[in-house]
$ cat target10.txt   # compact mmCIF, C-alpha atoms
# COMPACT_ATOMS: atom_id res chain seq x y z
CA MET A 299 19.13 16.53 8.74
CA ALA A 300 19.18 14.52 11.97
CA VAL A 301 17.27 11.26 12.25
CA SER A 302 14.86 12.34 14.98
CA HIS A 303 11.39 11.73 16.34
CA ARG A 304 10.25 14.85 14.50
CA ARG A 305 11.56 13.56 11.20
CA VAL A 306 9.81 10.20 11.57
CA LEU A 307 6.52 11.94 12.36
CA ALA A 308 7.02 14.48 9.56
CA ILE A 309 7.07 11.59 7.08
CA ALA A 310 4.61 9.21 8.74
CA LEU A 311 1.73 11.57 9.51
CA PRO A 312 1.33 13.13 6.04
CA MET A 313 1.48 9.68 4.44
CA THR A 314 -1.12 8.38 6.91
CA VAL A 315 -3.48 11.17 5.90
CA ALA A 316 -2.79 10.37 2.24
CA HIS A 317 -3.66 6.72 2.84
CA LEU A 318 -6.87 7.71 4.63
CA THR A 319 -8.16 9.57 1.57
CA THR A 320 -8.61 6.25 -0.26
CA PRO A 321 -11.54 4.91 1.80
CA LEU A 322 -13.03 8.42 1.84
CA LEU A 323 -13.39 8.26 -1.93
CA GLY A 324 -15.27 5.00 -1.64
CA ILE A 325 -17.63 6.51 0.92
CA VAL A 326 -18.38 9.51 -1.32
CA ASP A 327 -18.94 7.33 -4.40
CA THR A 328 -21.27 5.10 -2.41
CA ALA A 329 -23.19 8.05 -1.00
CA VAL A 330 -23.58 9.74 -4.39
CA ILE A 331 -24.68 6.61 -6.26
CA GLY A 332 -26.88 5.70 -3.31
CA ARG A 333 -28.87 8.88 -3.95
CA LEU A 334 -30.05 7.36 -7.23
CA GLY A 335 -32.05 4.79 -5.30
CA ASP A 336 -30.99 1.76 -7.38
CA ALA A 337 -29.40 -1.10 -5.43
CA ALA A 338 -27.89 -2.60 -8.59
CA LEU A 339 -26.07 0.63 -9.40
CA LEU A 340 -24.78 0.90 -5.84
CA GLY A 341 -23.57 -2.69 -5.93
CA GLY A 342 -21.97 -2.14 -9.32
CA VAL A 343 -19.93 0.86 -8.15
CA ALA A 344 -18.87 -0.94 -4.97
CA LEU A 345 -17.84 -4.06 -6.89
CA GLY A 346 -16.15 -2.05 -9.64
CA ALA A 347 -14.09 -0.15 -7.06
CA VAL A 348 -12.99 -3.44 -5.50
CA VAL A 349 -11.94 -4.76 -8.92
CA PHE A 350 -9.69 -1.75 -9.51
CA ASP A 351 -8.34 -1.77 -5.96
CA PHE A 352 -7.32 -5.39 -6.47
CA LEU A 353 -5.99 -4.75 -9.98
CA PHE A 354 -3.88 -1.73 -9.07
CA TRP A 355 -2.65 -3.15 -5.75
CA GLY A 356 -0.59 -5.62 -7.76
CA PHE A 357 1.35 -2.67 -9.19
CA GLY A 358 2.23 -1.28 -5.78
CA PHE A 359 5.85 -2.14 -6.57
CA LEU A 360 5.97 1.02 -8.67
CA ARG A 361 5.62 3.15 -5.55
CA MET A 362 7.69 0.99 -3.20
CA ALA A 363 10.64 0.42 -5.52
CA THR A 364 10.72 4.11 -6.45
CA VAL A 365 10.89 5.12 -2.78
CA GLY A 366 13.89 2.90 -2.12
CA LEU A 367 15.79 3.77 -5.28
CA SER A 368 15.24 7.53 -5.02
CA ALA A 369 16.03 7.59 -1.29
CA GLN A 370 19.32 5.83 -1.87
CA ALA A 371 20.18 8.16 -4.75
CA LEU A 372 19.46 11.08 -2.40
CA GLY A 373 21.72 9.57 0.25
CA ARG A 374 24.53 9.31 -2.29
CA GLY A 375 23.93 12.90 -3.41
CA ASP A 376 23.40 11.70 -6.98
CA GLY A 377 20.95 14.14 -8.55
CA VAL A 378 21.24 12.60 -12.02
CA GLU A 379 20.27 9.16 -10.72
CA GLN A 380 17.35 10.67 -8.80
CA ARG A 381 15.93 11.97 -12.08
CA ALA A 382 16.78 8.71 -13.83
CA VAL A 383 14.89 6.69 -11.19
CA LEU A 384 11.80 8.81 -11.82
CA SER A 385 12.08 8.55 -15.60
CA ARG A 386 12.61 4.77 -15.61
CA ALA A 387 9.69 4.20 -13.25
CA LEU A 388 7.42 6.39 -15.37
CA LEU A 389 8.34 4.34 -18.44
CA VAL A 390 7.40 1.14 -16.60
CA ALA A 391 4.16 2.72 -15.39
CA ALA A 392 3.27 3.81 -18.92
CA ALA A 393 3.96 0.33 -20.30
CA CYS A 394 1.98 -1.43 -17.57
CA GLY A 395 -0.89 1.03 -17.85
CA ALA A 396 -1.03 0.63 -21.62
CA ALA A 397 -1.03 -3.15 -21.23
CA LEU A 398 -4.03 -2.95 -18.89
CA VAL A 399 -5.91 -0.79 -21.38
CA VAL A 400 -5.11 -3.14 -24.28
CA CYS A 401 -6.16 -6.19 -22.24
CA GLN A 402 -9.28 -4.59 -20.80
CA LEU A 403 -11.78 -7.02 -22.38
CA PRO A 404 -10.33 -10.23 -20.91
CA ILE A 405 -9.70 -8.48 -17.59
CA ARG A 406 -13.31 -7.32 -17.43
CA ALA A 407 -14.62 -10.76 -18.40
CA ALA A 408 -12.52 -12.42 -15.69
CA ALA A 409 -13.62 -9.90 -13.06
CA LEU A 410 -17.31 -10.40 -13.88
CA ALA A 411 -16.93 -14.18 -13.90
CA LEU A 412 -15.24 -14.22 -10.50
CA ALA A 413 -17.78 -11.80 -8.99
CA GLY A 414 -20.79 -13.92 -9.94
CA ALA A 415 -23.18 -11.00 -9.38
CA SER A 416 -26.66 -10.49 -10.82
CA PRO A 417 -27.10 -9.33 -14.45
CA ALA A 418 -28.10 -5.85 -13.29
CA VAL A 419 -24.99 -5.49 -11.13
CA ASP A 420 -22.82 -6.92 -13.92
CA ALA A 421 -24.15 -4.26 -16.29
CA ALA A 422 -23.31 -1.51 -13.80
CA VAL A 423 -19.82 -2.94 -13.24
CA GLN A 424 -19.25 -2.99 -17.00
CA ASP A 425 -20.27 0.66 -17.35
CA TYR A 426 -17.92 1.60 -14.51
CA PHE A 427 -15.04 -0.56 -15.76
CA ASP A 428 -15.20 0.59 -19.39
CA VAL A 429 -14.57 4.20 -18.35
CA ARG A 430 -12.19 3.85 -15.43
CA ILE A 431 -9.80 1.42 -17.13
CA TRP A 432 -8.53 4.34 -19.23
CA ALA A 433 -7.16 5.89 -16.04
CA ALA A 434 -4.69 3.00 -15.59
CA PRO A 435 -1.57 4.72 -17.05
CA PHE A 436 -2.25 7.88 -15.03
CA THR A 437 -3.03 6.00 -11.80
CA LEU A 438 0.24 4.07 -12.08
CA ALA A 439 2.10 7.30 -12.89
CA ASN A 440 0.68 8.76 -9.69
CA TYR A 441 2.09 5.76 -7.80
CA VAL A 442 5.51 6.59 -9.20
CA VAL A 443 5.25 10.29 -8.40
CA ALA A 444 4.15 9.57 -4.83
CA GLY A 445 7.03 7.14 -4.39
CA TRP A 446 9.60 9.52 -5.83
CA LEU A 447 8.49 12.49 -3.73
CA THR A 448 8.50 10.28 -0.63
CA GLY A 449 11.94 8.96 -1.47
CA ILE A 450 13.46 12.44 -1.64
CA GLY A 451 11.73 13.41 1.61
CA ARG A 452 8.93 15.55 0.15
CA THR A 453 6.00 13.79 1.77
CA GLY A 454 4.13 17.08 2.18
CA HIS A 455 4.05 17.47 -1.59
CA ALA A 456 2.92 13.85 -2.00
CA LEU A 457 0.09 14.47 0.48
CA ALA A 458 -0.94 17.70 -1.26
CA LEU A 459 -1.20 15.92 -4.60
CA GLN A 460 -3.27 13.11 -3.10
CA ILE A 461 -5.64 15.61 -1.52
CA VAL A 462 -6.02 17.45 -4.84
CA ILE A 463 -6.83 14.17 -6.63
CA SER A 464 -9.32 13.18 -3.93
CA LEU A 465 -11.12 16.51 -3.78
CA LEU A 466 -11.31 16.76 -7.56
CA ASN A 467 -12.59 13.20 -7.75
CA MET A 468 -15.31 13.85 -5.19
CA GLY A 469 -16.40 17.12 -6.80
CA LEU A 470 -16.54 15.64 -10.29
CA THR A 471 -18.45 12.59 -9.06
CA VAL A 472 -21.15 14.77 -7.50
CA ALA A 473 -21.35 16.99 -10.61
CA LEU A 474 -21.40 14.20 -13.18
CA VAL A 475 -23.67 11.78 -11.33
CA LEU A 476 -26.17 14.13 -9.71
CA GLY A 477 -25.77 17.18 -11.93
CA LEU A 478 -25.47 15.65 -15.40
CA ASP A 479 -27.17 12.34 -14.59
CA TRP A 480 -24.33 10.22 -15.98
CA GLY A 481 -24.95 7.46 -13.45
CA VAL A 482 -22.25 4.86 -12.79
CA ALA A 483 -20.21 6.07 -15.78
CA GLY A 484 -20.12 9.53 -14.18
CA SER A 485 -18.52 8.13 -11.04
CA ALA A 486 -15.85 6.41 -13.12
CA ALA A 487 -15.33 9.51 -15.28
CA GLY A 488 -14.75 11.60 -12.18
CA THR A 489 -11.96 9.25 -11.13
CA LEU A 490 -10.50 9.25 -14.65
CA VAL A 491 -10.29 13.04 -14.90
CA ALA A 492 -8.94 13.36 -11.35
CA GLU A 493 -6.18 10.82 -12.02
CA ILE A 494 -5.19 12.59 -15.25
CA ALA A 495 -5.09 15.96 -13.50
CA GLY A 496 -3.12 14.44 -10.62
CA ALA A 497 -0.55 12.93 -12.97
CA VAL A 498 -0.04 16.22 -14.81
CA ALA A 499 0.27 18.18 -11.56
CA GLY A 500 2.58 15.54 -10.11
CA LEU A 501 4.94 15.68 -13.07
CA LEU A 502 5.09 19.47 -12.80
CA VAL A 503 5.90 19.18 -9.09
CA CYS A 504 8.63 16.63 -9.82
CA ALA A 505 10.10 18.90 -12.49
CA ARG A 506 10.16 21.75 -10.00
CA MET A 507 11.78 19.54 -7.34
CA SER A 508 14.47 18.67 -9.89
CA GLY A 509 15.07 22.35 -10.57
CA PHE A 510 13.82 21.91 -14.14
CA SER A 511 17.17 20.25 -14.86
CA PRO A 512 17.93 18.92 -18.35
CA ARG A 513 16.39 15.61 -19.26
CA VAL A 514 18.23 12.44 -18.35
CA SER A 515 20.48 11.27 -21.16
CA ARG A 516 19.48 8.18 -23.10
CA ALA A 517 22.62 6.37 -21.94
CA VAL A 518 21.81 6.94 -18.25
CA LEU A 519 18.11 6.23 -18.67
CA LEU A 520 18.70 2.94 -20.47
CA ASP A 521 21.76 1.86 -18.49
CA ARG A 522 21.62 -1.96 -18.59
CA GLN A 523 22.85 -2.47 -15.05
CA ALA A 524 20.35 0.00 -13.58
CA LEU A 525 17.49 -1.40 -15.67
CA GLY A 526 18.38 -4.94 -14.64
CA ALA A 527 18.51 -4.02 -10.96
CA SER A 528 15.18 -2.19 -11.27
CA PHE A 529 13.57 -5.20 -12.99
CA VAL A 530 14.74 -7.58 -10.26
CA LEU A 531 13.54 -5.20 -7.55
CA ASN A 532 10.11 -4.77 -9.16
CA ARG A 533 9.78 -8.51 -9.75
CA ASP A 534 10.58 -9.39 -6.14
CA ILE A 535 8.20 -6.79 -4.72
CA MET A 536 5.46 -7.92 -7.11
CA ILE A 537 5.85 -11.54 -5.96
CA ARG A 538 5.80 -10.39 -2.34
CA THR A 539 2.63 -8.37 -2.98
CA ALA A 540 0.98 -11.29 -4.75
CA ALA A 541 1.71 -13.52 -1.75
CA LEU A 542 0.21 -10.92 0.58
CA MET A 543 -2.90 -10.63 -1.60
CA LEU A 544 -3.23 -14.42 -1.60
CA ALA A 545 -3.08 -14.50 2.19
CA PHE A 546 -5.90 -11.99 2.67
CA SER A 547 -7.96 -13.41 -0.19
CA PHE A 548 -7.69 -16.84 1.44
CA PHE A 549 -8.86 -15.33 4.74
CA ALA A 550 -11.91 -13.80 3.05
CA ALA A 551 -12.70 -17.01 1.17
CA GLN A 552 -12.55 -19.15 4.30
CA GLY A 553 -14.79 -16.68 6.12
CA ALA A 554 -17.31 -16.91 3.29
CA ARG A 555 -17.31 -20.70 3.50
CA ALA A 556 -18.19 -20.46 7.17
CA GLY A 557 -21.50 -18.74 6.36
CA ASP A 558 -22.99 -15.31 5.83
CA VAL A 559 -22.90 -14.31 9.49
CA THR A 560 -19.23 -15.22 9.89
CA LEU A 561 -18.37 -13.51 6.61
CA ALA A 562 -20.13 -10.32 7.72
CA ALA A 563 -18.50 -10.41 11.17
CA ASN A 564 -15.02 -10.87 9.70
CA ALA A 565 -15.57 -8.06 7.18
CA LEU A 566 -16.77 -5.74 9.94
CA LEU A 567 -13.74 -6.48 12.13
CA ASN A 568 -11.38 -6.12 9.16
CA ASN A 569 -12.82 -2.68 8.42
CA MET A 570 -12.18 -1.67 12.02
CA VAL A 571 -8.55 -2.75 12.14
CA MET A 572 -7.90 -1.31 8.67
CA LEU A 573 -7.81 2.15 10.24
CA ALA A 574 -4.81 1.15 12.32
CA ALA A 575 -3.18 -0.32 9.22
CA PHE A 576 -3.19 3.10 7.55
CA PHE A 577 -1.15 4.51 10.46
CA LEU A 578 1.22 1.55 10.45
CA ASP A 579 1.70 2.09 6.71
CA GLY A 580 2.67 5.69 7.48
CA PHE A 581 5.43 4.61 9.87
CA ALA A 582 6.57 1.96 7.37
CA THR A 583 6.89 4.74 4.78
CA ALA A 584 9.06 6.71 7.21
CA ALA A 585 11.30 3.65 7.54
CA GLU A 586 11.48 3.34 3.74
CA GLN A 587 12.69 6.90 3.26
CA ILE A 588 15.04 7.22 6.23
CA CYS A 589 16.63 3.78 5.95
CA GLY A 590 16.89 4.06 2.17
CA GLN A 591 18.66 7.39 2.42
CA ALA A 592 20.95 6.01 5.11
CA VAL A 593 21.96 3.08 2.90
CA GLY A 594 22.68 5.46 0.03
CA ALA A 595 24.81 7.61 2.34
CA ARG A 596 26.55 4.49 3.74
CA ASN A 597 25.51 5.65 7.19
CA ARG A 598 25.00 2.73 9.56
CA GLY A 599 24.21 4.87 12.58
CA ALA A 600 21.43 6.75 10.81
CA PHE A 601 20.02 3.47 9.53
CA LEU A 602 19.88 2.00 13.04
CA ARG A 603 18.29 5.12 14.50
CA GLY A 604 15.70 5.24 11.73
CA LEU A 605 14.94 1.57 12.32
CA ARG A 606 14.54 2.02 16.08
CA LEU A 607 12.42 5.15 15.90
CA SER A 608 10.11 3.67 13.26
CA LEU A 609 9.62 0.55 15.38
CA LEU A 610 9.15 2.62 18.54
CA TRP A 611 6.49 4.91 17.12
CA GLY A 612 4.79 2.11 15.23
CA PHE A 613 4.60 -0.13 18.29
CA GLY A 614 3.40 2.70 20.51
CA PHE A 615 0.56 3.52 18.16
CA ALA A 616 -0.27 -0.16 17.61
CA LEU A 617 -0.54 -0.70 21.37
CA VAL A 618 -2.91 2.24 21.75
CA ALA A 619 -4.96 1.01 18.79
CA SER A 620 -5.24 -2.52 20.20
CA LEU A 621 -6.37 -1.21 23.58
CA ALA A 622 -8.90 1.08 21.87
CA TYR A 623 -10.36 -1.83 19.92
CA LEU A 624 -10.68 -3.91 23.08
CA THR A 625 -12.44 -1.16 25.03
CA LEU A 626 -14.46 0.61 22.31
CA GLY A 627 -14.85 -2.28 19.90
CA PRO A 628 -18.28 -3.44 21.15
CA LEU A 629 -19.68 0.07 20.69
CA ALA A 630 -18.18 0.31 17.18
CA ILE A 631 -19.71 -3.05 16.28
CA ASP A 632 -23.14 -1.90 17.41
CA LEU A 633 -22.81 1.29 15.33
CA MET A 634 -21.83 -0.61 12.18
CA THR A 635 -24.54 -3.28 12.20
CA THR A 636 -28.03 -3.80 13.59
CA SER A 637 -27.96 -7.58 13.10
CA SER A 638 -27.89 -9.30 16.46
CA GLU A 639 -26.26 -12.39 14.94
CA VAL A 640 -23.46 -10.41 13.36
CA ARG A 641 -22.95 -8.40 16.54
CA THR A 642 -22.60 -11.58 18.59
CA ALA A 643 -20.20 -13.17 16.10
CA ALA A 644 -18.06 -10.03 15.82
CA ARG A 645 -17.77 -9.71 19.60
CA ALA A 646 -16.69 -13.34 19.82
CA PHE A 647 -13.63 -12.64 17.67
CA LEU A 648 -12.98 -9.02 18.69
CA ALA A 649 -10.09 -9.88 21.03
CA LEU A 650 -8.25 -11.73 18.25
CA ALA A 651 -8.82 -8.92 15.76
CA ALA A 652 -7.62 -6.37 18.32
CA LEU A 653 -4.26 -8.14 18.46
CA LEU A 654 -3.60 -7.53 14.75
CA PRO A 655 -2.06 -4.03 15.11
CA VAL A 656 0.33 -4.91 17.94
CA VAL A 657 1.34 -8.20 16.29
CA GLY A 658 1.50 -6.81 12.76
CA VAL A 659 3.47 -3.65 13.49
CA PHE A 660 6.79 -5.46 13.13
CA ALA A 661 5.79 -6.90 9.75
CA TYR A 662 4.79 -3.42 8.52
CA ALA A 663 7.92 -1.71 9.86
CA PHE A 664 10.36 -4.31 8.57
CA ASP A 665 8.69 -4.21 5.16
CA GLY A 666 9.49 -0.50 5.06
CA ILE A 667 13.07 -1.09 6.21
CA TYR A 668 13.67 -3.85 3.67
CA ILE A 669 12.17 -1.79 0.84
CA GLY A 670 14.28 1.25 1.70
CA ALA A 671 17.42 -0.88 1.85
CA LEU A 672 16.41 -2.65 -1.40
CA TRP A 673 16.65 -6.07 0.24
CA SER A 674 13.91 -7.25 -2.08
CA ARG A 675 15.06 -10.84 -2.60
CA ASP A 676 15.12 -11.53 1.11
CA MET A 677 11.79 -9.77 1.63
CA ARG A 678 10.26 -11.92 -1.12
CA ASN A 679 11.66 -15.17 0.27
CA LEU A 680 10.68 -14.39 3.85
CA MET A 681 7.15 -13.47 2.75
CA LEU A 682 6.80 -16.82 1.00
CA ALA A 683 8.09 -18.59 4.12
CA ALA A 684 5.56 -16.70 6.28
CA LEU A 685 2.81 -17.64 3.83
CA ALA A 686 3.74 -21.31 4.31
CA VAL A 687 3.51 -20.80 8.07
CA TYR A 688 0.06 -19.26 7.56
CA PHE A 689 -1.30 -22.22 5.62
CA LEU A 690 0.23 -24.74 8.01
CA ALA A 691 -1.21 -22.88 11.00
CA TRP A 692 -4.64 -22.76 9.38
CA TRP A 693 -4.52 -26.49 8.60
CA GLY A 694 -3.60 -27.32 12.18
CA LEU A 695 -6.18 -24.95 13.67
CA ARG A 696 -9.10 -25.91 11.44
CA PRO A 697 -10.96 -27.64 14.31
CA LEU A 698 -11.28 -24.21 15.99
CA GLY A 699 -13.33 -22.86 13.06
CA ASN A 700 -13.24 -19.09 12.54
CA ALA A 701 -11.13 -18.60 15.68
CA GLY A 702 -8.52 -20.86 14.10
CA LEU A 703 -8.61 -18.70 10.96
CA TRP A 704 -7.93 -15.55 12.97
CA LEU A 705 -5.14 -17.31 14.90
CA ALA A 706 -3.58 -18.41 11.60
CA LEU A 707 -3.64 -14.79 10.39
CA LEU A 708 -1.91 -13.70 13.60
CA ALA A 709 0.67 -16.45 13.07
CA PHE A 710 1.26 -15.14 9.54
CA LEU A 711 1.92 -11.60 10.77
CA THR A 712 4.13 -12.87 13.59
CA ALA A 713 6.16 -15.00 11.20
CA ARG A 714 6.67 -12.08 8.82
CA GLY A 715 8.07 -9.81 11.53
CA ALA A 716 10.09 -12.52 13.29
CA LEU A 717 11.72 -13.85 10.13
CA GLN A 718 12.68 -10.37 8.94
CA ALA A 719 14.09 -9.49 12.38
CA ALA A 720 16.15 -12.69 12.42
CA ARG A 721 17.57 -11.98 8.97
CA LEU A 722 18.35 -8.33 9.73
CA PRO A 723 21.85 -8.70 11.32
CA ALA A 724 23.23 -10.62 8.33
CA LEU A 725 21.82 -8.11 5.86
CA MET A 726 23.21 -5.18 7.83
CA ALA A 727 26.64 -6.79 7.98
CA ARG A 728 26.55 -7.18 4.19
CA THR A 729 25.28 -3.64 3.57
CA PHE A 730 27.45 -1.77 6.09
CA PRO A 731 30.81 -3.59 6.24
CA ASP A 732 33.14 -1.82 8.68
CA LEU A 733 31.55 1.60 8.30
CA PRO A 734 31.68 4.39 10.92
CA ARG A 735 28.47 4.99 12.89
CA ARG A 736 27.57 8.50 11.83
CA ALA A 737 24.06 9.64 12.66
CA GLU A 738 23.35 12.44 10.25
CA LEU A 739 21.87 12.46 6.75
CA PRO A 740 22.11 15.11 4.05
CA THR A 741 18.99 17.15 3.46
CA SER A 742 16.93 16.68 0.33
CA PRO A 743 17.47 19.14 -2.54
$ encode --input "target10.txt" --output "structure tokens"
Amino acid sequence: MAVSHRRVLAIALPMTVAHLTTPLLGIVDTAVIGRLGDAALLGGVALGAVVFDFLFWGFGFLRMATVGLSAQALGRGDGVEQRAVLSRALLVAAACGAALVVCQLPIRAAALALAGASPAVDAAVQDYFDVRIWAAPFTLANYVVAGWLTGIGRTGHALALQIVISLLNMGLTVALVLGLDWGVAGSAAGTLVAEIAGAVAGLLVCARMSGFSPRVSRAVLLDRQALGASFVLNRDIMIRTAALMLAFSFFAAQGARAGDVTLAANALLNNMVMLAAFFLDGFATAAEQICGQAVGARNRGAFLRGLRLSLLWGFGFALVASLAYLTLGPLAIDLMTTSSEVRTAARAFLALAALLPVVGVFAYAFDGIYIGALWSRDMRNLMLAALAVYFLAWWGLRPLGNAGLWLALLAFLTARGALQAARLPALMARTFPDLPRRAELPTSP
């Protein structure tokens, strides 16, 4: 299959839609619990969802590493290793999920302590947490399945599974909360059942994609070299993700210290630009799959074309998004809040927030390229270097208040993209030494 504009869009658009289903679930949960007329229950569901988003985000390496490993196995035409990548990742997901279930009491206690909510909200969070935590192994398995299907170029199947999980979750939430009056526990139970069903369906789809081939042998599955490489890859991506979480948590904390109005304005602007981030994630996923497959096939020309097209489409969309925020942003702000103070504060920082997509597109795209190529050590180190730039920029720009905080965030995104771009030639020379510049990739099985 040629590396073309159509191929980039065929991967990016389905994955963008899949990403967009996540906030939709939160909206439905909020709307359903909101019908009960209890503010504490609504706050409990919202806070509980945030706890799990934060908890599971740290295991995003399961999806990202699986994309890169499976894409490279596809590029090499190694069907056995494709199945082995899936099996190893599922074992890791099962172990991590089981660990979360076993450690649920201290995790819940820490989450409640950090939240500092009212007793009524804490009680609702506990009801939600105690049910949903049992979904951990299945949620992480779904990360693996989504990564594996993306890696072998089956993003349509990954999207279909995500839609099934989302629709089932929404339907069960309505039935259990409003129909059976299960309250907050019903919302969590809906997610639990949907994740279990999604994992079962996903494994059946993966089996079908593998042609129901015999199971991977124990020797291949537990190959020490492959397990060691997978551990290092997962470790590096986990450190990178932790650094990214620290950066955005620091941004939120500094906004909170600036006062309620500033906190609300920053949250509102972040919600606006998050929509663009879902699209940029889609193009990053396209880079993961195409560049990963190209590395596996030892195809420098296909890698370069995948890199260029992912950057081109990502930047084009980011530019449109930034212009849309600048022109339509004031109207969106007015629709999202009736507070005159928050409206004024949000407008004051709208121009800086609108720059995030066009500045951040390179960070998103290069993350996808580095993940596909399995350059995890360099991605980890460059992320830590960009984080240092972020903190230094914030320290130097503190006199500017919240504007300085936004400028520091822009500096962080700029540093991520610039450092990865600067490191790219050396990594390509190491990965593609004296190879011909072919521009075709084998199709997925």
$ closest_residue --input "target10.txt" --among "A:Ala720, A:Ile309, A:Ala684, A:Leu345" --to "Ala706 of chain A" --atoms "only C-alpha atoms"
A:Ala684
$ residues_around --input "target10.txt" --residues "segment 641-657 of chain A" --least-positions-apart "4" --cutoff "7 Å" --atoms "all atoms listed in the file" --output "list of chain:residue names"
A:Thr560, A:Ala563, A:Asn564, A:Leu567, A:Ala574, A:Phe613, A:Ala616, A:Leu617, A:Ala619, A:Ser620, A:Tyr623, A:Leu624, A:Pro628, A:Ile631, A:Asp632, A:Thr635, A:Ser637, A:Ala701, A:Trp704, A:Leu708, A:Leu711, A:Thr712
$ atom_distance --input "target10.txt" --atom1 "atom CA of Gly614 of chain A" --atom2 "atom CA of Ala300 of chain A"
21.5 Å
$ residues_around --input "target10.txt" --residues "segment 365-369 of chain A" --least-positions-apart "3" --cutoff "9 Å" --atoms "all atoms listed in the file" --output "ChimeraX atom specification"
/A:360-362,372-374,379-381,383-384,442,444-451,528,583,586-594,668-672
$ atom_distance --input "target10.txt" --atom1 "atom CA of Ala600 of chain A" --atom2 "atom CA of Ala575 of chain A"
25.7 Å
$ atom_distance --input "target10.txt" --atom1 "atom CA of Ala338 of chain A" --atom2 "atom CA of Gly481 of chain A"
11.6 Å
$ residues_around --input "target10.txt" --residues "Gln402 of chain A" --least-positions-apart "6" --cutoff "10 Å" --atoms "only C-alpha atoms" --output "PyMOL selection string"
chain A and resi 396+408+427-428+431-432
$ residues_around --input "target10.txt" --residues "Asp579 of chain A" --least-positions-apart "6" --cutoff "10 Å" --atoms "all atoms listed in the file" --output "mmCIF file with C-alpha atoms, keeping the file's coordinate frame"
data_model
loop_
_atom_site.group_PDB
_atom_site.id
_atom_site.type_symbol
_atom_site.label_atom_id
_atom_site.label_comp_id
_atom_site.auth_asym_id
_atom_site.auth_seq_id
_atom_site.Cartn_x
_atom_site.Cartn_y
_atom_site.Cartn_z
ATOM 1 C CA ALA A 310 4.610 9.210 8.740
ATOM 2 C CA LEU A 311 1.730 11.570 9.510
ATOM 3 C CA MET A 313 1.480 9.680 4.440
ATOM 4 C CA THR A 314 -1.120 8.380 6.910
ATOM 5 C CA HIS A 317 -3.660 6.720 2.840
ATOM 6 C CA ALA A 585 11.300 3.650 7.540
ATOM 7 C CA GLY A 612 4.790 2.110 15.230
ATOM 8 C CA VAL A 659 3.470 -3.650 13.490
ATOM 9 C CA TYR A 662 4.790 -3.420 8.520
ATOM 10 C CA ALA A 663 7.920 -1.710 9.860
ATOM 11 C CA ASP A 665 8.690 -4.210 5.160
ATOM 12 C CA GLY A 666 9.490 -0.500 5.060
#
$ residues_around --input "target10.txt" --residues "Val306 of chain A" --least-positions-apart "5" --cutoff "8 Å" --atoms "only C-alpha atoms" --output "list of chain:residue names"
A:Val301, A:Phe581, A:Ala584, A:Ala585, A:Gly604, A:Leu607, A:Ser608
$ write_last_selection --input "target10.txt" --atoms "C-alpha atoms" --output "PDB file, in the coordinates of the input"
ATOM      1  CA  VAL A 301      17.270  11.260  12.250  1.00  0.00           C
ATOM      2  CA  PHE A 581       5.430   4.610   9.870  1.00  0.00           C
ATOM      3  CA  ALA A 584       9.060   6.710   7.210  1.00  0.00           C
ATOM      4  CA  ALA A 585      11.300   3.650   7.540  1.00  0.00           C
ATOM      5  CA  GLY A 604      15.700   5.240  11.730  1.00  0.00           C
ATOM      6  CA  LEU A 607      12.420   5.150  15.900  1.00  0.00           C
ATOM      7  CA  SER A 608      10.110   3.670  13.260  1.00  0.00           C
TER       8      SER A 608
END
$ closest_residue --input "target10.txt" --among "A:Val423, A:Leu602, A:Val491, A:Ala499" --to "Ala456 of chain A" --atoms "all atoms listed in the file"
A:Ala499
$ residues_near_point --input "target10.txt" --point "(9.9, -5.7, -11.1)" --cutoff "12 Å" --atoms "only C-alpha atoms" --output "ChimeraX atom specification"
/A:356-364,386-387,390-391,394,525-539,674-675,678
$ axis_aligned_box --input "target10.txt" --around "segment 627-646 of chain A" --padding-each-side "4 Å" --output "JSON"
{"center_x": -21.4, "center_y": -6.0, "center_z": 16.7, "size_x": 21.2, "size_y": 22.6, "size_z": 17.0}
$ closest_residue --input "target10.txt" --among "A:Ala421, A:Val514, A:Val348, A:Met570" --to "Val482 of chain A" --atoms "all atoms listed in the file"
A:Ala421
$ closest_residue --input "target10.txt" --among "A:Gly484, A:Gly477, A:Pro404, A:Gly375" --to "Ala422 of chain A" --atoms "only C-alpha atoms"
A:Gly484
$ closest_residue --input "target10.txt" --among "A:Val618, A:Val326, A:Leu470, A:Leu703" --to "Ala344 of chain A" --atoms "only C-alpha atoms"
A:Val326
$ closest_residue --input "target10.txt" --among "A:Val640, A:Ala397, A:Val378, A:Met507" --to "Val559 of chain A" --atoms "only C-alpha atoms"
A:Val640
